[in-house]
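Structure, as structure tokens:
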Amino acid sequence: MDEHAGLPPRPVIGVLHPGAMGAALGAALKPVAGAVIWAAAGRSNATSKRAELADLIGVPDVAALAARSHVIVSICPPHAAVDVAEQVAAALADRPDRPIYVDANAVSPDTVRRIGTVLGAENVVDGAVIGPPAWEAGHTVLLLSGAHAATVAELFAGSPFEARVLGPDLGSASALKACYAMQSKAMPAVWLAVAAAARGYGVQDALGELLARDGVDLAGVLDKLSAQAGPKAWRWVGEMEEAADTVAGVGVPDGFSRAAAEMYRRMAQDHPADS
């Protein structure tokens, strides 16, 4: 273990908050942790059930979690990332030693750096998950950057999450995640816009026939996207907005992601949200 990080051999690890991905991350960390804990206050029954199934230990609230944890993993909707970090910072106000804070959210590099100003950049690791909640190896990558990225990667060694260290700079992991999300989420959203425009002009059937000549099954594409994105669409709105901020930060036009965010916002109105 990285001695500079000050972690004991079996650290206490806090997860905020165990949704589907958070529960998988918590379960992956159990073999190396003294305990994996989560803050129960205000969380849904679905969250409680996931935490129970992952064998995570509930503590009363964020303050209790922050007081006990050597490592804190934040995995929440993008729009809540800074608020969660501020809650943790408030809870740590009287604690002289600071835990490693892994922001594993789909946010822009600027958002991660803002979290660094809240908690101290030297304490924050930029994390980004590529793939589904990992219960078996070979499907999901955890990108990490920051001063203690290697320490966090070591915690995931041998777990279903393949940890990759990108270097010491906050923002590198989030930047790579955003670029990946541009092709995995923004590009498919073009089909939503194409279909919506054709439907608005009453030519969707005719468009489908023309696309079929090119080997494209428009209805099939839309059905697959709806099944994949529908329950998560409300989360993808925030992710696409953060991706837009990411590309704009280096002078790349951000309209692709802004438009994708709007298409997923409209999709979310027609689909029940996951939790």
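For the structure tokens, the naming scheme is as follows: chains receive sequential letters (A, B, ...) according to their order of presentation, residues are indexed from 1 within each chain, and ligands are indexed from 1 in presentation order.
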task = Go through region 6-125 of chain A and collect every residue that DSSP, computed from the backbone, puts in alpha helix (DSSP H); the answer should be as a PyMOL selection string.
result = chain A and resi 20-29+45-53+62-68+81-91+109-119
request  = Mind checking which residues fall within 10 Å of Cys179 (chain A), counting only C-alpha atoms, ignoring those fewer than 3 positions away in the same chain, and posting them as a count of residues only?
outcome  = 11
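The residue that comes closest to Ala229 (chain A), out of A:Asp217, A:Glu242, A:Val165, A:Lys185 and on the basis of only C-alpha atoms, is A:Lys185.
Distance check against Arg235 (chain A) using only C-alpha atoms: of A:Val125, A:Ala273, A:Val84, A:Ala91, the minimum falls on A:Ala273.
If you measure from each of A:Arg10, A:Leu192, A:Leu207, A:Gly200 to Lys224 (chain A) using only C-alpha atoms, the closest one turns out to be A:Leu192.
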task = Tell me, as a PyMOL selection string, which residues lie within 12 Å of Leu53 (chain A), counting only C-alpha atoms; anything in the same chain fewer than 5 positions away does not count.
result = chain A and resi 18-20+23-24+26-27+46-48
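Residues in contact range of region 42-45 of chain A, defined as at most 9 Å between only C-alpha atoms, with sequence neighbours fewer than 2 positions away removed, read His17, Ala39, Ala40, Thr47, Ser48, Lys49, Arg50, Asp61 and Ser275 of chain A.
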Go ahead and write the residues just picked, N, CA, C and O atoms, as a JSON list (two decimals), in the first residue's frame.
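Final output, selection-v4.json:
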```json
[["chain", "number", "residue", "atom", "x", "y", "z"],
["A", 17, "HIS", "N", -23.27, 7.08, -3.30],
["A", 17, "HIS", "CA", -24.24, 6.27, -2.57],
["A", 17, "HIS", "C", -24.44, 4.99, -3.37],
["A", 17, "HIS", "O", -24.28, 5.00, -4.59],
["A", 39, "ALA", "N", -23.98, 5.68, 3.86],
["A", 39, "ALA", "CA", -24.79, 6.57, 4.70],
["A", 39, "ALA", "C", -26.27, 6.34, 4.40],
["A", 39, "ALA", "O", -26.73, 6.58, 3.29],
["A", 40, "ALA", "N", -27.01, 5.89, 5.40],
["A", 40, "ALA", "CA", -28.38, 5.44, 5.18],
["A", 40, "ALA", "C", -29.41, 6.57, 5.20],
["A", 40, "ALA", "O", -30.50, 6.42, 4.62],
["A", 47, "THR", "N", -32.13, 1.60, -2.62],
["A", 47, "THR", "CA", -30.73, 1.75, -2.25],
["A", 47, "THR", "C", -30.39, 0.87, -1.06],
["A", 47, "THR", "O", -29.35, 0.20, -1.04],
["A", 48, "SER", "N", -31.26, 0.86, -0.06],
["A", 48, "SER", "CA", -31.02, 0.03, 1.12],
["A", 48, "SER", "C", -30.93, -1.44, 0.76],
["A", 48, "SER", "O", -30.08, -2.17, 1.28],
["A", 49, "LYS", "N", -31.80, -1.87, -0.14],
["A", 49, "LYS", "CA", -31.79, -3.27, -0.54],
["A", 49, "LYS", "C", -30.51, -3.62, -1.29],
["A", 49, "LYS", "O", -29.92, -4.68, -1.06],
["A", 50, "ARG", "N", -30.07, -2.73, -2.19],
["A", 50, "ARG", "CA", -28.83, -2.99, -2.91],
["A", 50, "ARG", "C", -27.65, -3.07, -1.94],
["A", 50, "ARG", "O", -26.78, -3.94, -2.07],
["A", 61, "ASP", "N", -25.39, 8.62, 8.68],
["A", 61, "ASP", "CA", -25.43, 9.74, 7.75],
["A", 61, "ASP", "C", -24.04, 10.01, 7.18],
["A", 61, "ASP", "O", -23.06, 9.31, 7.49],
["A", 275, "SER", "N", -33.03, 3.94, -10.24],
["A", 275, "SER", "CA", -32.73, 4.56, -8.94],
["A", 275, "SER", "C", -31.39, 4.13, -8.45],
["A", 275, "SER", "O", -30.73, 3.31, -9.03]]
```
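Closest approach to Pro31 (chain A) among A:Leu56, A:Val237, A:Val118, A:Val216: A:Leu56, based on only C-alpha atoms.
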task = Determine the nearest neighbour of Pro9 (chain A) from the options A:Pro77, A:Thr151, A:Glu52, A:Gly58, counting only C-alpha atoms.
result = A:Thr151
